[in-house]
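protein30.txt follows; it contains compact mmCIF, C-alpha atoms and all ligand atoms.
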# COMPACT_ATOMS: atom_id res chain seq x y z
CA MET A 93 -43.06 15.07 37.18
CA PRO A 94 -40.45 15.48 39.97
CA VAL A 95 -37.81 18.21 39.64
CA SER A 96 -34.95 16.69 37.68
CA ARG A 97 -31.56 15.87 39.17
CA LEU A 98 -30.13 18.38 36.69
CA ASN A 99 -32.31 21.15 38.17
CA ILE A 100 -31.40 20.19 41.71
CA ALA A 101 -27.65 20.07 41.04
CA LEU A 102 -27.79 23.48 39.31
CA GLU A 103 -30.04 25.08 41.98
CA ARG A 104 -27.69 23.93 44.72
CA SER A 105 -24.77 25.36 42.69
CA GLU A 106 -23.02 22.04 42.98
CA LEU A 107 -23.01 21.95 39.21
CA VAL A 108 -22.20 25.21 37.38
CA LEU A 109 -22.70 25.50 33.63
CA PRO A 110 -20.14 27.42 31.60
CA GLN A 111 -21.21 31.01 30.76
CA THR A 112 -20.64 30.58 27.05
CA GLY A 113 -20.73 27.87 24.42
CA GLU A 114 -23.49 25.62 23.15
CA ILE A 115 -24.74 22.73 25.28
CA ALA A 116 -25.21 19.38 23.54
CA VAL A 117 -27.72 16.86 24.86
CA PHE A 118 -27.01 13.26 23.82
CA ARG A 119 -30.03 10.94 23.63
CA ALA A 120 -32.19 13.94 24.49
CA GLN A 121 -35.68 12.91 25.66
CA THR A 122 -39.05 14.40 24.74
CA ASP A 123 -40.34 13.89 28.30
CA PHE A 124 -37.46 15.80 29.93
CA ASN A 125 -37.86 19.50 30.66
CA TYR A 126 -34.74 21.33 29.43
CA ASP A 127 -35.86 24.82 30.51
CA VAL A 128 -32.93 24.93 32.90
CA LEU A 129 -30.54 24.99 29.91
CA PRO A 130 -30.49 28.36 28.09
CA ALA A 131 -32.82 28.03 25.08
CA ASN A 132 -30.44 29.73 22.65
CA ARG A 133 -27.53 27.48 23.62
CA ARG A 134 -29.05 23.99 23.77
CA ARG A 135 -28.71 21.48 20.91
CA PHE A 136 -30.47 18.11 21.02
CA PHE A 137 -29.20 14.87 19.52
CA ASN A 138 -31.19 11.69 19.16
CA SER A 139 -30.99 9.18 16.30
CA PHE A 140 -34.38 7.65 17.22
CA LYS A 141 -36.91 9.32 14.90
CA PRO A 142 -39.92 9.72 17.26
CA GLN A 143 -37.67 11.37 19.88
CA HIS A 144 -35.86 13.45 17.26
CA ASP A 145 -39.15 14.75 15.84
CA GLY A 146 -40.74 15.40 19.25
CA LEU A 147 -37.74 17.34 20.52
CA GLN A 148 -38.04 20.11 17.92
CA VAL A 149 -40.54 21.96 20.15
CA GLN A 150 -37.83 22.40 22.81
CA GLY A 151 -35.02 23.42 20.42
CA PRO A 152 -33.03 22.36 17.36
CA ALA A 153 -32.54 18.59 17.15
CA ALA A 154 -30.35 16.45 14.90
CA PRO A 155 -29.87 12.68 14.58
CA ASP A 156 -26.10 12.56 14.34
CA VAL A 157 -23.67 13.38 17.12
CA PRO A 158 -21.55 16.48 16.62
CA LYS A 159 -17.89 16.78 15.68
CA GLU A 160 -14.94 17.14 17.98
CA GLY A 161 -14.54 19.96 20.54
CA GLN A 162 -17.31 22.39 19.62
CA PHE A 163 -19.51 22.48 22.76
CA GLY A 164 -19.02 24.24 26.09
CA ALA A 165 -20.84 21.40 27.88
CA SER A 166 -22.65 18.16 27.10
CA LEU A 167 -25.38 16.23 28.88
CA VAL A 168 -25.66 12.46 28.28
CA HIS A 169 -28.83 10.53 29.15
CA ILE A 170 -27.81 6.92 29.69
CA THR A 171 -29.46 4.09 27.77
CA ARG A 172 -30.15 0.52 28.89
CA SER A 173 -27.00 -0.67 27.09
CA LYS A 174 -23.86 -0.05 29.14
CA GLN A 175 -21.64 -0.31 26.06
CA GLU A 176 -23.77 2.20 24.16
CA THR A 177 -23.77 4.58 27.14
CA LEU A 178 -19.97 4.45 27.50
CA GLY A 179 -19.68 5.10 23.76
CA LEU A 180 -21.99 8.12 24.07
CA ILE A 181 -19.96 9.47 27.00
CA ALA A 182 -16.78 9.13 24.91
CA LYS A 183 -18.46 10.93 22.00
CA ALA A 184 -19.69 13.66 24.34
CA LEU A 185 -16.16 14.11 25.73
CA LEU A 186 -14.81 14.41 22.17
CA ALA A 187 -17.52 16.91 21.24
CA THR A 188 -16.85 19.09 24.29
CA GLU A 189 -13.98 21.58 24.41
CA ALA A 190 -11.11 20.93 26.84
CA GLY A 191 -12.12 22.21 30.30
CA GLY A 192 -15.83 21.94 29.45
CA LEU A 193 -18.28 19.76 31.36
CA VAL A 194 -19.73 16.39 30.43
CA ILE A 195 -22.77 15.65 32.61
CA VAL A 196 -24.17 12.12 32.84
CA ASP A 197 -27.67 11.41 34.15
CA GLY A 198 -29.67 8.22 34.63
CA ASN A 199 -31.75 5.94 36.80
CA ARG A 200 -30.40 3.11 38.93
CA THR A 201 -32.56 0.59 37.06
CA ASP A 202 -30.75 1.60 33.86
CA GLY A 203 -27.33 1.07 35.44
CA ILE A 204 -26.15 4.59 36.34
CA ASP A 205 -24.15 3.36 39.36
CA SER A 206 -22.17 0.94 37.26
CA ILE A 207 -21.52 3.67 34.66
CA HIS A 208 -20.41 6.07 37.40
CA LYS A 209 -18.00 3.47 38.79
CA HIS A 210 -16.65 2.63 35.34
CA CYS A 211 -16.05 6.31 34.48
CA LYS A 212 -14.38 6.99 37.83
CA SER A 213 -11.61 4.51 37.09
CA HIS A 214 -10.51 6.55 34.04
CA LEU A 215 -11.82 10.09 34.59
CA PRO A 216 -12.34 11.38 38.14
CA PRO A 217 -15.76 13.09 38.26
CA ASP A 218 -15.95 16.76 39.34
CA GLY A 219 -19.13 16.10 41.29
CA SER A 220 -22.05 13.74 41.77
CA LEU A 221 -25.56 13.81 43.21
CA ALA A 222 -27.78 10.81 43.97
CA LYS A 223 -31.54 11.54 43.91
CA HIS A 224 -34.87 10.08 42.76
CA HIS A 225 -33.50 6.51 42.47
CA GLY A 226 -30.74 7.68 40.18
CA ARG A 227 -27.63 9.79 39.90
CA ILE A 228 -26.16 12.71 38.01
CA PHE A 229 -22.40 13.16 37.83
CA TRP A 230 -20.14 15.43 35.85
CA ILE A 231 -16.63 15.26 34.47
CA ARG A 232 -14.35 18.05 33.29
CA ARG A 233 -13.03 17.25 29.85
CA PRO A 234 -9.26 16.71 29.96
CA VAL A 235 -7.09 17.88 27.04
CA VAL A 236 -6.04 14.32 26.28
CA LEU A 237 -8.58 11.53 26.61
CA PRO A 238 -7.34 8.21 28.07
CA ASP A 239 -7.05 5.32 25.58
CA PRO A 240 -9.83 3.25 27.25
CA VAL A 241 -12.24 6.15 26.68
CA LEU A 242 -11.32 6.26 22.99
CA ALA A 243 -11.94 2.50 22.93
CA TRP A 244 -15.47 3.12 24.30
CA ARG A 245 -16.12 5.33 21.28
CA ASP A 246 -14.75 2.68 18.90
CA ASP A 247 -17.01 0.05 20.47
CA LEU A 248 -19.96 1.95 18.98
CA ASN A 249 -18.71 1.40 15.42
CA LEU A 250 -20.62 -1.11 13.35
CA ALA A 251 -18.98 -4.54 13.59
CA ARG A 252 -19.85 -8.00 12.33
CA ASN A 253 -21.91 -10.03 14.81
CA LYS A 254 -22.18 -13.81 15.28
CA ASP A 255 -24.31 -14.11 12.13
CA GLY A 256 -21.84 -12.08 10.06
CA PHE A 257 -24.11 -9.01 9.91
CA PHE A 258 -23.12 -5.49 10.92
CA SER A 259 -24.66 -4.25 14.17
CA ALA A 260 -23.67 -2.17 17.21
CA PRO A 261 -24.45 -2.00 20.95
CA GLY A 262 -27.87 -0.57 21.81
CA MET A 263 -29.61 -1.95 18.72
CA PHE A 264 -32.26 -4.66 18.98
CA SER A 265 -30.63 -8.11 19.34
CA PRO A 266 -27.19 -6.89 18.24
CA ALA A 267 -25.27 -10.14 18.85
CA ARG A 268 -27.29 -12.36 16.51
CA ALA A 269 -30.67 -12.76 14.79
CA ASP A 270 -33.62 -12.59 17.19
CA PRO A 271 -35.24 -16.01 17.84
CA GLY A 272 -38.65 -14.52 17.00
CA SER A 273 -37.39 -13.35 13.61
CA LEU A 274 -35.84 -16.77 13.02
CA LEU A 275 -39.22 -18.39 13.72
CA LEU A 276 -41.05 -16.11 11.28
CA ALA A 277 -38.44 -16.44 8.55
CA ALA A 278 -38.69 -20.24 8.72
CA HIS A 279 -42.18 -19.77 7.18
CA PHE A 280 -41.18 -17.35 4.42
CA ASP A 281 -41.98 -18.64 0.94
CA THR A 282 -42.67 -17.44 -2.59
CA ARG A 283 -45.99 -15.86 -1.50
CA ILE A 284 -43.80 -12.93 -0.46
CA ALA A 285 -43.68 -11.22 -3.82
CA GLY A 286 -44.07 -7.85 -5.54
CA ASP A 287 -43.72 -4.71 -3.42
CA VAL A 288 -42.68 -5.55 0.12
CA ALA A 289 -42.02 -3.52 3.29
CA ASP A 290 -40.27 -4.39 6.55
CA LEU A 291 -41.67 -2.31 9.43
CA GLY A 292 -39.13 -1.80 12.23
CA ALA A 293 -36.38 -3.36 10.12
CA GLY A 294 -33.56 -3.05 12.69
CA TRP A 295 -30.20 -4.02 11.17
CA GLY A 296 -32.01 -5.83 8.37
CA TRP A 297 -31.93 -9.54 9.19
CA LEU A 298 -35.60 -10.20 8.36
CA SER A 299 -35.41 -8.41 5.00
CA ALA A 300 -32.20 -10.23 4.13
CA ALA A 301 -33.92 -13.56 4.92
CA ALA A 302 -36.91 -12.64 2.72
CA LEU A 303 -34.68 -11.62 -0.20
CA LYS A 304 -32.96 -15.02 0.05
CA THR A 305 -36.16 -17.11 0.01
CA ALA A 306 -38.57 -15.08 -2.14
CA PRO A 307 -37.16 -14.40 -5.63
CA ASP A 308 -40.32 -12.61 -6.81
CA ILE A 309 -39.80 -9.61 -4.54
CA ARG A 310 -39.80 -6.60 -6.88
CA ARG A 311 -38.68 -4.15 -4.22
CA ILE A 312 -38.34 -4.12 -0.47
CA ASP A 313 -38.57 -0.94 1.62
CA LEU A 314 -36.96 -1.07 5.06
CA PHE A 315 -38.50 1.34 7.59
CA GLU A 316 -36.65 1.86 10.86
CA ALA A 317 -36.71 4.62 13.50
CA GLU A 318 -33.18 4.10 14.83
CA LYS A 319 -30.85 5.71 12.32
CA THR A 320 -27.77 3.77 13.45
CA ALA A 321 -29.62 0.45 12.92
CA LEU A 322 -30.76 1.62 9.48
CA GLU A 323 -27.13 2.42 8.56
CA ALA A 324 -26.22 -1.13 9.62
CA ALA A 325 -29.06 -2.51 7.46
CA ARG A 326 -27.71 -0.53 4.52
CA GLN A 327 -24.32 -2.21 4.98
CA ASN A 328 -25.93 -5.63 5.40
CA ILE A 329 -28.13 -5.59 2.29
CA ALA A 330 -26.43 -4.80 -1.00
CA ASP A 331 -29.44 -5.96 -3.08
CA PRO A 332 -30.57 -3.14 -5.42
CA ARG A 333 -34.23 -3.97 -4.71
CA ALA A 334 -33.81 -2.69 -1.14
CA THR A 335 -34.32 0.94 -0.09
CA PHE A 336 -33.85 2.33 3.40
CA HIS A 337 -36.08 4.83 5.19
CA TRP A 338 -35.51 6.59 8.51
CA ALA A 339 -39.15 6.69 9.63
CA ASP A 340 -41.55 6.53 12.55
CA VAL A 341 -43.84 3.68 11.50
CA VAL A 342 -46.59 4.91 13.84
CA GLN A 343 -46.79 8.17 11.88
CA MET A 344 -46.63 6.71 8.37
CA ASP A 345 -49.10 7.75 5.68
CA THR A 346 -52.06 5.66 4.57
CA ASP A 347 -51.39 5.02 0.91
CA PRO A 348 -51.95 1.24 0.36
CA ARG A 349 -49.03 0.16 -1.79
CA TYR A 350 -47.53 -3.11 -0.56
CA ASP A 351 -48.25 -6.72 -1.47
CA ALA A 352 -46.55 -8.05 1.64
CA ILE A 353 -45.31 -6.62 4.92
CA LEU A 354 -42.81 -8.27 7.27
CA CYS A 355 -42.84 -7.21 10.89
CA ASN A 356 -41.29 -8.07 14.22
CA PRO A 357 -42.80 -5.07 16.03
CA PRO A 358 -41.20 -3.30 18.99
CA PHE A 359 -42.88 -3.83 22.34
CA HIS A 360 -40.65 -1.72 24.59
CA GLN A 361 -39.87 1.95 24.86
CA GLY A 362 -36.84 2.25 27.10
CA ARG A 363 -37.59 -0.05 30.03
CA ALA A 364 -41.37 0.16 29.80
CA ALA A 365 -43.35 -2.54 27.98
CA THR A 366 -45.73 -0.87 25.53
CA PRO A 367 -47.96 -3.36 23.68
CA SER A 368 -49.75 -0.33 22.18
CA LEU A 369 -46.67 0.28 20.04
CA GLY A 370 -47.01 -3.16 18.43
CA LEU A 371 -50.73 -2.49 17.89
CA SER A 372 -49.87 0.76 16.10
CA PHE A 373 -47.51 -1.19 13.83
CA ILE A 374 -50.34 -3.62 12.98
CA GLU A 375 -52.64 -0.65 12.21
CA THR A 376 -49.98 0.89 9.95
CA ALA A 377 -49.44 -2.45 8.19
CA ALA A 378 -53.20 -2.79 7.55
CA ARG A 379 -53.28 0.72 6.07
CA LEU A 380 -50.24 0.18 3.85
CA LEU A 381 -51.29 -3.17 2.38
CA LYS A 382 -53.14 -3.54 -0.93
CA PRO A 383 -56.57 -5.31 -0.66
CA LYS A 384 -55.02 -8.75 -1.24
CA GLY A 385 -51.90 -7.98 0.80
CA THR A 386 -50.41 -10.14 3.56
CA LEU A 387 -48.79 -9.29 6.87
CA TRP A 388 -46.08 -11.66 8.14
CA LEU A 389 -45.88 -10.95 11.85
CA VAL A 390 -44.03 -12.38 14.83
CA ALA A 391 -44.59 -11.43 18.45
CA ASN A 392 -43.96 -12.62 21.97
CA ARG A 393 -46.71 -15.09 22.70
CA GLN A 394 -48.29 -13.19 25.60
CA LEU A 395 -48.72 -9.91 23.68
CA PRO A 396 -52.41 -9.06 23.15
CA TYR A 397 -52.47 -8.46 19.39
CA GLU A 398 -55.37 -10.76 18.44
CA ALA A 399 -58.28 -8.29 18.81
CA THR A 400 -56.58 -5.72 16.59
CA LEU A 401 -55.57 -8.37 14.04
CA ASP A 402 -59.17 -9.62 13.99
CA ALA A 403 -60.50 -6.09 13.58
CA ARG A 404 -58.10 -5.21 10.75
CA PHE A 405 -57.70 -8.43 8.71
CA ALA A 406 -60.26 -10.77 7.15
CA HIS A 407 -58.09 -13.85 7.33
CA ILE A 408 -55.64 -14.79 10.08
CA GLN A 409 -53.49 -17.88 10.22
CA THR A 410 -51.20 -18.82 13.09
CA LEU A 411 -48.19 -20.23 11.29
CA GLU A 412 -46.54 -21.52 14.44
CA GLU A 413 -46.67 -20.96 18.16
CA THR A 414 -43.83 -21.80 20.51
CA HIS A 415 -43.35 -21.38 24.23
CA HIS A 416 -42.17 -17.79 23.61
CA PHE A 417 -43.40 -16.61 20.21
CA LYS A 418 -46.27 -16.69 17.75
CA ALA A 419 -45.76 -16.30 14.00
CA ILE A 420 -48.88 -15.05 12.22
CA LEU A 421 -49.93 -14.55 8.63
CA ALA A 422 -52.73 -11.98 8.33
CA ALA A 423 -54.34 -11.37 4.94
CA ARG A 424 -56.86 -9.04 3.32
CA PRO A 425 -56.83 -5.85 5.37
CA LYS A 426 -60.20 -4.36 6.31
CA SER A 427 -61.12 -0.71 6.56
CA SER A 428 -59.98 1.12 9.68
CA ARG A 429 -63.36 1.68 11.37
CA PRO A 430 -62.40 0.56 14.88
CA HIS A 431 -63.68 -2.84 15.99
CA GLN A 432 -66.82 -2.65 13.85
CA SER A 433 -65.60 -5.54 11.74
CA ALA A 434 -64.26 -7.44 14.75
CA ASN A 435 -67.78 -7.69 16.18
CA SER A 436 -69.76 -8.08 13.01
CA ALA A 437 -67.75 -10.58 11.01
CA ALA A 438 -65.55 -13.10 12.72
CA PRO A 439 -62.38 -13.62 10.65
CA ALA A 440 -61.56 -16.96 9.15
CA ARG A 441 -58.91 -18.45 11.41
CA THR A 442 -56.78 -21.48 10.80
CA GLY A 443 -55.21 -23.13 13.80
CA PRO A 444 -51.68 -23.02 15.06
CA ARG A 445 -49.03 -25.61 14.65
CA ARG A 446 -47.73 -25.53 18.19
CA LYS A 447 -44.17 -26.42 19.02
CA ARG A 448 -42.19 -25.94 22.19
CA ARG A 449 -38.77 -24.37 21.72
C1 LIG A 501 -38.32 -6.13 17.65
S1 LIG A 501 -37.22 -5.11 16.74
C2 LIG A 501 -37.13 -6.01 15.20
C3 LIG A 501 -35.91 -5.66 14.37
C4 LIG A 501 -35.69 -6.50 13.12
N1 LIG A 501 -36.84 -6.45 12.23
C5 LIG A 501 -35.40 -7.93 13.48
O1 LIG A 501 -36.23 -8.77 13.14
O2 LIG A 501 -34.37 -8.17 14.08
C6 LIG A 501 -38.22 -3.72 16.40
C7 LIG A 501 -37.51 -2.59 15.68
O3 LIG A 501 -38.44 -1.51 15.55
C8 LIG A 501 -37.74 -0.28 15.72
N2 LIG A 501 -38.72 0.74 16.12
C9 LIG A 501 -39.17 1.04 17.39
N3 LIG A 501 -40.10 2.02 17.33
C10 LIG A 501 -40.22 2.36 16.02
C11 LIG A 501 -41.02 3.30 15.32
N4 LIG A 501 -41.89 4.09 15.96
N5 LIG A 501 -40.89 3.37 13.98
C12 LIG A 501 -40.02 2.56 13.31
N6 LIG A 501 -39.24 1.65 13.91
C13 LIG A 501 -39.34 1.54 15.26
C14 LIG A 501 -36.69 -0.59 16.77
O4 LIG A 501 -35.63 0.32 16.70
C15 LIG A 501 -36.28 -2.02 16.40
O5 LIG A 501 -35.20 -2.03 15.51
Any chance you could give the structure as structure tokens?
Amino acid sequence: MPVSRLNIALERSELVLPQTGEIAVFRAQTDFNYDVLPANRRRFFNSFKPQHDGLQVQGPAAPDVPKEGQFGASLVHITRSKQETLGLIAKALLATEAGGLVIVDGNRTDGIDSIHKHCKSHLPPDGSLAKHHGRIFWIRRPVVLPDPVLAWRDDLNLARNKDGFFSAPGMFSPARADPGSLLLAAHFDTRIAGDVADLGAGWGWLSAAALKTAPDIRRIDLFEAEKTALEAARQNIADPRATFHWADVVQMDTDPRYDAILCNPPFHQGRAATPSLGLSFIETAARLLKPKGTLWLVANRQLPYEATLDARFAHIQTLEETHHFKAILAARPKSSRPHQSANSAAPARTGPRRKRR
């Protein structure tokens, strides 16, 4: 791993950390080496459960951003959403004492140059360094923050989207329901009954759709790694049958307890496409389903989920395939011995109804 821009800026003494005060890291990353920040002064913040849990080895981590004015300095790692990043910078400025430093770091492909330009028009940076296809810049926190910066913070609040649901920048498909989820939900029917789970529930659209069409749902558990999205889901679903869990689905236990599982699995981590994440979701679903349970899954059409579905379910039906998505109903989970069942017993498969959308 190349030496980080943070290391370089500190080594060159272009960037000088304050001698005292805790240092907050917003959207702290498990694959970033924070040794350059004093171990007894660094505090990590990330509301995404796998990152939050993985960070504990490098220092104390919490999901929620801190209160106003308590840190000597803050470091913000940008995200792929410009609006979310500006909101995080505003929150970092609020959480840093007047005169303290707010440091912003990111890659060009994630939009750091645009963020730098945007910040410059309201808060002149103290310094900046371009390196490794990215940039790090730092701002000294003024006593009074300009109104546009406070507006960046407010833009992170949950607000109603085009479908009337609460969401916020940075979440999956924040503006409206995802077309893949719409496709899957068009096939929901009364077979979704009993104890149900939604793996990677986001701001809750899929669960809300199931609760509308399937009256025999006894309870529905929403599992989501992004705490802010889970909070939105909580606001979006008032039904007492729903419960909300901040969880890493990949790490979930193996107790088979659900009659049906709904899932539009993630296939990206940051910018990188990671089909293995979706495969892990399918594995978790197979483990969590009762012997007669069903998995209602939607995925981008090109994602290679079939071999794992075949290995882990006795019956697979393609509900519909479009130009972009495939909606699949997988039933009767098999034991988890890898690929043994895929080779020995071909699953019963019923063909797709293909439609171009
Ligand atoms: C494709 S989105 C689907 C969201 C929602 N179900 C919908 O249909 O709009 C996948 C969701 O999985 C969440 N996610 C990603 N990795 C996760 C993990 N390891 N554990 C739990 N949720 C995760 C993401 O935050 C995102 O909300």
Contacts of Glu114 in chain A at 8 Å (all atoms listed in the file; same-chain gap of 4+ positions) as an NGL selection string: :A and (133-135 or 162-165)
Next, write the just-selected residues to a file, as an mmCIF file, keeping the file's coordinate frame, keeping C-alpha atoms as the atom set.
data_model
loop_
_atom_site.group_PDB
_atom_site.id
_atom_site.type_symbol
_atom_site.label_atom_id
_atom_site.label_comp_id
_atom_site.auth_asym_id
_atom_site.auth_seq_id
_atom_site.Cartn_x
_atom_site.Cartn_y
_atom_site.Cartn_z
ATOM 1 C CA ARG A 133 -27.530 27.480 23.620
ATOM 2 C CA ARG A 134 -29.050 23.990 23.770
ATOM 3 C CA ARG A 135 -28.710 21.480 20.910
ATOM 4 C CA GLN A 162 -17.310 22.390 19.620
ATOM 5 C CA PHE A 163 -19.510 22.480 22.760
ATOM 6 C CA GLY A 164 -19.020 24.240 26.090
ATOM 7 C CA ALA A 165 -20.840 21.400 27.880
#
Residue with smallest distance to Gln143 in chain A - pool A:Thr386, A:Ile231, A:Ala377, A:Lys319, counting all atoms listed in the file: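 Nearest to Gln143 in chain A: A:Lys319.
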Polymer residues at most 10 Å from (-20.1, 8.9, 25.0) by all atoms listed in the file, as a PyMOL selection string: chain A and resi 118+157+166-170+175-187+194+196+241-242+244-245+248
Best match for closeness to Ala330 in chain A among A:Leu102, A:Ala300, A:Ala306, A:Pro396, counting only C-alpha atoms: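 Smallest distance to Ala330 in chain A is found for A:Ala300.
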Taking all atoms listed in the file into account, report as a PDB file with C-alpha atoms, in the frame of the given file which residues have an atom no farther than 6 Å from an atom of ligand LIG 501 (chain A).
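Written file, pocket-v3.pdb:
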ATOM      1  CA  PHE A 264     -32.260  -4.660  18.980  1.00  0.00           C
ATOM      2  CA  ALA A 269     -30.670 -12.760  14.790  1.00  0.00           C
ATOM      3  CA  ASP A 270     -33.620 -12.590  17.190  1.00  0.00           C
ATOM      4  CA  SER A 273     -37.390 -13.350  13.610  1.00  0.00           C
ATOM      5  CA  GLY A 292     -39.130  -1.800  12.230  1.00  0.00           C
ATOM      6  CA  ALA A 293     -36.380  -3.360  10.120  1.00  0.00           C
ATOM      7  CA  GLY A 294     -33.560  -3.050  12.690  1.00  0.00           C
ATOM      8  CA  TRP A 297     -31.930  -9.540   9.190  1.00  0.00           C
ATOM      9  CA  LEU A 298     -35.600 -10.200   8.360  1.00  0.00           C
ATOM     10  CA  GLU A 316     -36.650   1.860  10.860  1.00  0.00           C
ATOM     11  CA  ALA A 317     -36.710   4.620  13.500  1.00  0.00           C
ATOM     12  CA  GLU A 318     -33.180   4.100  14.830  1.00  0.00           C
ATOM     13  CA  ALA A 339     -39.150   6.690   9.630  1.00  0.00           C
ATOM     14  CA  ASP A 340     -41.550   6.530  12.550  1.00  0.00           C
ATOM     15  CA  VAL A 341     -43.840   3.680  11.500  1.00  0.00           C
ATOM     16  CA  VAL A 342     -46.590   4.910  13.840  1.00  0.00           C
ATOM     17  CA  ASN A 356     -41.290  -8.070  14.220  1.00  0.00           C
ATOM     18  CA  PRO A 357     -42.800  -5.070  16.030  1.00  0.00           C
ATOM     19  CA  PRO A 358     -41.200  -3.300  18.990  1.00  0.00           C
TER      20      PRO A 358
END
